[in-house]
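J.: A single structure is presented below for examination.
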Amino acid sequence: MADPFQDVDSAGPEFIKMFADAMDVRQSDPTMEKIVATYLGMLKLSDDSITIEIGAGAGAVTRRIAAHLQPAKVVGYEPSRGFVEEARNRVQGAPNLTFQVADGTNVPVENGTIDAVVMHTVLTHVTHPEKLLAEAFRVLKLGGTLIVCDADFSKATFSNFANDPLDVCAKEFVREFVTDPFIVSKLRSLVSGVGLDLVHFDVESRVVTTKEQMRPWVEATTSQMCERGDIGKELADALVAEHDRRAENESLYGYQAFATAVARKPEKKP
């Protein structure tokens, strides 16, 4: 099955609503708030600057960018009309923020007119990440900043012990919902490969212990396995129940790693 995040609108309104909610929950996690706050703190922009997020989804991160940079202009570009509608509905009191439907390889702005570009958990869901990075290079001003934050899905786990059945949900999510789980290992070379200068790279661990944070992984994967006939509804329900049981007795342990790369478009040589 192809990664549904490559064509969110075809996945249907229930998928859009579920993952729009999930993105809001994930971003409210203290670790994710810290990651975003840290990289936004590296942006030193004027009030007349323009920042765009490519692959904005339903706007969970875009809203934080706009709040951090206000009154500077922020635009979230997202190819899914469903996500853009969700993003617009979730905006409150952000006059400097707008959302538009646009593909990340063809952003409707002129060359060299953007001060900063953000890509948050986007490159893991595209087949040609270098094309999005090249587009960021095109639209950035000389000296402009690119920020890429993405998950190392190759390290994602729900394991509490060897052969933990709940970990199947983590592995199945990566297999079914992620295009390239190893993007983080390629990130530095991809960024430099389009002509940007890498100035910062780090990785932060995210540990999931509460019911809301990664429950959609379990719900979505067990539902798909049940629909395919891989497992019965009884096992699907049991895996969701086991996730909730662990959350309630404080034994739930999910793990992700998030990398942040900050790069700049070189200034023109004298």
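We name chains A, B, ... following the order of the structure tokens; residues begin at 1 in each chain, and ligands are numbered from 1 as shown.
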Among stretch 7-228 of chain A, which ones does DSSP assign to helix (DSSP H, G or I) (computed from the backbone)? Answer as a PyMOL selection string.
T.: chain A and resi 8-11+13-28+30-40+60-69+81-89+123-125+129-139+153-155+167-177+183-193+215-228
J.: So which bits of stretch 52-260 of chain A end up strand (DSSP E or B) when you DSSP the backbone, as a CSV table (one decimal) with N, CA and C atoms, in the first residue's frame?
T.:
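Generated output (out-v8.csv):
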chain,number,residue,atom,x,y,z
A,52,ILE,N,7.4,30.5,5.1
A,52,ILE,CA,6.5,29.5,4.7
A,52,ILE,C,6.7,28.1,5.3
A,53,GLU,N,5.7,27.4,5.5
A,53,GLU,CA,5.8,26.0,5.8
A,53,GLU,C,5.4,25.2,4.6
A,54,ILE,N,6.2,24.3,4.2
A,54,ILE,CA,5.9,23.4,3.1
A,54,ILE,C,5.4,22.0,3.6
A,73,LYS,N,4.6,37.8,8.3
A,73,LYS,CA,3.7,37.0,7.5
A,73,LYS,C,4.2,35.5,7.5
A,74,VAL,N,3.2,34.6,7.7
A,74,VAL,CA,3.5,33.2,7.6
A,74,VAL,C,2.4,32.5,6.7
A,75,VAL,N,2.9,31.7,5.8
A,75,VAL,CA,1.9,31.0,4.9
A,75,VAL,C,2.2,29.5,5.0
A,76,GLY,N,1.2,28.7,5.2
A,76,GLY,CA,1.3,27.2,5.2
A,76,GLY,C,0.8,26.7,3.8
A,77,TYR,N,1.7,26.0,3.1
A,77,TYR,CA,1.4,25.4,1.9
A,77,TYR,C,1.2,23.9,2.1
A,78,GLU,N,0.1,23.3,1.6
A,78,GLU,CA,-0.2,21.9,1.8
A,78,GLU,C,-1.0,21.4,0.6
A,97,LEU,N,-1.4,34.8,9.5
A,97,LEU,CA,-1.3,33.4,9.0
A,97,LEU,C,-2.3,33.1,8.0
A,98,THR,N,-1.9,32.5,6.9
A,98,THR,CA,-2.8,32.0,5.9
A,98,THR,C,-2.4,30.6,5.4
A,99,PHE,N,-3.3,29.8,4.8
A,99,PHE,CA,-3.0,28.5,4.3
A,99,PHE,C,-3.5,28.5,2.8
A,100,GLN,N,-2.7,27.8,2.0
A,100,GLN,CA,-3.0,27.7,0.6
A,100,GLN,C,-2.7,26.3,0.1
A,101,VAL,N,-3.5,25.8,-0.8
A,101,VAL,CA,-3.2,24.5,-1.4
A,101,VAL,C,-2.1,24.6,-2.5
A,114,ILE,N,11.6,34.5,-0.1
A,114,ILE,CA,11.2,34.0,1.2
A,114,ILE,C,12.3,34.0,2.1
A,115,ASP,N,12.1,34.5,3.4
A,115,ASP,CA,13.1,34.6,4.4
A,115,ASP,C,13.4,33.3,5.1
A,116,ALA,N,12.4,32.4,5.3
A,116,ALA,CA,12.6,31.1,5.9
A,116,ALA,C,11.6,30.1,5.4
A,117,VAL,N,12.0,28.9,5.3
A,117,VAL,CA,11.2,27.8,4.9
A,117,VAL,C,11.3,26.7,6.0
A,118,VAL,N,10.1,26.2,6.4
A,118,VAL,CA,10.0,25.1,7.4
A,118,VAL,C,9.4,23.9,6.8
A,119,MET,N,10.0,22.7,7.0
A,119,MET,CA,9.4,21.4,6.6
A,119,MET,C,9.4,20.6,7.8
A,120,HIS,N,8.2,20.3,8.4
A,120,HIS,CA,8.1,19.6,9.6
A,120,HIS,C,7.4,18.3,9.3
A,140,LEU,N,14.1,30.7,-1.4
A,140,LEU,CA,14.8,31.4,-0.3
A,140,LEU,C,15.6,32.6,-0.9
A,141,LYS,N,15.6,33.7,-0.1
A,141,LYS,CA,16.5,34.8,-0.3
A,141,LYS,C,17.9,34.3,-0.1
A,142,LEU,N,18.9,35.1,-0.6
A,142,LEU,CA,20.3,34.8,-0.2
A,142,LEU,C,20.4,35.0,1.3
A,143,GLY,N,21.0,34.0,2.0
A,143,GLY,CA,21.1,34.1,3.4
A,143,GLY,C,19.8,33.6,4.1
A,144,GLY,N,18.8,33.2,3.4
A,144,GLY,CA,17.6,32.7,4.0
A,144,GLY,C,17.8,31.3,4.6
A,145,THR,N,16.9,31.0,5.5
A,145,THR,CA,17.0,29.8,6.4
A,145,THR,C,16.0,28.7,6.0
A,146,LEU,N,16.5,27.5,6.0
A,146,LEU,CA,15.6,26.3,5.9
A,146,LEU,C,15.7,25.5,7.2
A,147,ILE,N,14.6,25.1,7.7
A,147,ILE,CA,14.5,24.3,8.9
A,147,ILE,C,13.8,23.0,8.5
A,148,VAL,N,14.4,21.9,8.7
A,148,VAL,CA,13.8,20.6,8.4
A,148,VAL,C,13.7,19.8,9.7
A,149,CYS,N,12.5,19.4,10.1
A,149,CYS,CA,12.4,18.5,11.3
A,149,CYS,C,11.6,17.3,10.9
A,150,ASP,N,12.2,16.1,11.2
A,150,ASP,CA,11.5,14.9,10.8
A,150,ASP,C,11.9,13.7,11.7
A,151,ALA,N,11.0,12.7,11.7
A,151,ALA,CA,11.1,11.6,12.5
A,151,ALA,C,12.0,10.5,11.9
A,157,THR,N,9.2,2.4,18.1
A,157,THR,CA,8.9,1.1,18.7
A,157,THR,C,7.8,1.3,19.8
A,197,ASP,N,23.9,25.4,2.9
A,197,ASP,CA,24.9,25.2,3.9
A,197,ASP,C,24.3,24.8,5.3
A,198,LEU,N,24.6,23.6,5.7
A,198,LEU,CA,24.1,23.1,7.0
A,198,LEU,C,24.8,23.7,8.1
A,199,VAL,N,24.0,24.3,9.0
A,199,VAL,CA,24.6,25.0,10.2
A,199,VAL,C,24.3,24.4,11.5
A,200,HIS,N,23.3,23.5,11.5
A,200,HIS,CA,22.9,22.8,12.8
A,200,HIS,C,22.2,21.5,12.4
A,201,PHE,N,22.6,20.5,13.3
A,201,PHE,CA,21.9,19.2,13.1
A,201,PHE,C,21.9,18.5,14.5
A,202,ASP,N,20.7,18.1,14.9
A,202,ASP,CA,20.7,17.3,16.2
A,202,ASP,C,19.5,16.4,16.2
A,203,VAL,N,19.5,15.5,17.2
A,203,VAL,CA,18.4,14.5,17.3
A,203,VAL,C,17.9,14.5,18.7
A,204,GLU,N,16.6,14.5,18.9
A,204,GLU,CA,16.0,14.5,20.2
A,204,GLU,C,15.1,13.3,20.3
A,205,SER,N,15.1,12.6,21.5
A,205,SER,CA,14.3,11.5,21.7
A,205,SER,C,12.9,11.9,22.2
A,206,ARG,N,11.9,11.2,21.8
A,206,ARG,CA,10.5,11.4,22.2
A,206,ARG,C,10.0,10.1,22.8
A,207,VAL,N,9.6,10.1,24.0
A,207,VAL,CA,9.1,8.9,24.7
A,207,VAL,C,7.6,9.1,24.9
A,208,VAL,N,6.8,8.2,24.5
A,208,VAL,CA,5.4,8.3,24.5
A,208,VAL,C,4.9,7.4,25.7
A,254,GLY,N,6.4,4.1,24.2
A,254,GLY,CA,6.6,4.3,22.8
A,254,GLY,C,7.8,5.1,22.6
A,255,TYR,N,8.6,4.9,21.5
A,255,TYR,CA,9.8,5.7,21.3
A,255,TYR,C,9.9,6.2,19.9
A,256,GLN,N,10.2,7.4,19.7
A,256,GLN,CA,10.6,8.0,18.4
A,256,GLN,C,11.8,8.9,18.6
A,257,ALA,N,12.5,9.2,17.5
A,257,ALA,CA,13.6,10.1,17.5
A,257,ALA,C,13.3,11.2,16.4
A,258,PHE,N,13.5,12.4,16.8
A,258,PHE,CA,13.2,13.5,15.8
A,258,PHE,C,14.5,14.3,15.6
A,259,ALA,N,14.8,14.5,14.3
A,259,ALA,CA,16.0,15.2,13.9
A,259,ALA,C,15.6,16.6,13.4
A,260,THR,N,16.5,17.6,13.7
A,260,THR,CA,16.3,18.9,13.2
A,260,THR,C,17.6,19.3,12.5
J.: Find, counting only C-alpha atoms, the residue in A:Asp167, A:Gly104, A:Glu176, A:Leu40 that gets nearest to A:Leu239.
T.: A:Asp167
J.: For atom CA of A:Asp7 and atom CA of A:Pro79, determine how far apart the two atoms are, in Å to one decimal place.
T.: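 According to the coordinates, atom CA of A:Asp7 and atom CA of A:Pro79 are separated by 8.2 Å.
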J.: Using only C-alpha atoms, determine which residues lie at most 12 Å from A:Ala37, disregarding the query and same-chain residues fewer than 2 positions distant; provide the list as an NGL selection string.
T.: :A and (27-28 or 30-35 or 39-43 or 61 or 64-69 or 149 or 260)
J.: Could you take the residues named above and write them with C-alpha atoms, as a PDB file, in the first residue's frame?
T.:
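Writing the result to out_13.pdb gives the following:
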ATOM      1  CA  GLN A  27       2.471  18.832  18.812  1.00  0.00           C
ATOM      2  CA  SER A  28       1.084  19.589  22.284  1.00  0.00           C
ATOM      3  CA  PRO A  30       6.134  18.761  25.794  1.00  0.00           C
ATOM      4  CA  THR A  31       8.992  17.173  23.858  1.00  0.00           C
ATOM      5  CA  MET A  32       7.568  18.313  20.524  1.00  0.00           C
ATOM      6  CA  GLU A  33       6.874  21.789  21.887  1.00  0.00           C
ATOM      7  CA  LYS A  34      10.498  21.974  22.984  1.00  0.00           C
ATOM      8  CA  ILE A  35      11.782  20.804  19.596  1.00  0.00           C
ATOM      9  CA  TYR A  39      14.344  25.620  16.102  1.00  0.00           C
ATOM     10  CA  LEU A  40      12.051  28.640  15.919  1.00  0.00           C
ATOM     11  CA  GLY A  41      14.413  30.344  18.345  1.00  0.00           C
ATOM     12  CA  MET A  42      17.099  30.080  15.670  1.00  0.00           C
ATOM     13  CA  LEU A  43      15.070  32.296  13.331  1.00  0.00           C
ATOM     14  CA  VAL A  61       3.147  23.617  13.618  1.00  0.00           C
ATOM     15  CA  ARG A  64       3.160  27.993  16.367  1.00  0.00           C
ATOM     16  CA  ILE A  65       5.392  29.528  13.706  1.00  0.00           C
ATOM     17  CA  ALA A  66       2.905  32.372  13.228  1.00  0.00           C
ATOM     18  CA  ALA A  67       2.611  32.995  16.983  1.00  0.00           C
ATOM     19  CA  HIS A  68       6.412  33.077  17.327  1.00  0.00           C
ATOM     20  CA  LEU A  69       6.990  35.416  14.386  1.00  0.00           C
ATOM     21  CA  CYS A 149      12.400  18.517  11.327  1.00  0.00           C
ATOM     22  CA  THR A 260      16.328  18.918  13.213  1.00  0.00           C
TER      23      THR A 260
END
J.: For A:Ile183, please output as a list of chain:residue names all residues within 7 Å (counting only C-alpha atoms; exclusion window: fewer than 3 positions along the same chain).
T.: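 Once the adjacent positions are removed, what remains is A:Thr124, A:Asp152, A:Asp180, A:Lys186, A:Leu187.
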J.: For a test of reading the model, state the distance in Å between atom CA of A:Asn249 and atom CA of A:Leu166, rounded to one decimal.
T.: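 Atom CA of A:Leu166 lies 15.4 Å from atom CA of A:Asn249.
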J.: Between atom CA of A:Glu219 and atom CA of A:Ser251, what is the spacing in Å?
T.: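 Taking atom CA of A:Ser251 as the start and atom CA of A:Glu219 as the end point, the length is 18.7 Å.
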J.: Quick one: residues within 9 Å of A:Leu252, only C-alpha atoms counted, chain neighbours fewer than 4 positions away excluded, as number ranges by chain?
T.: A: 158-160, 208-211, 243-248
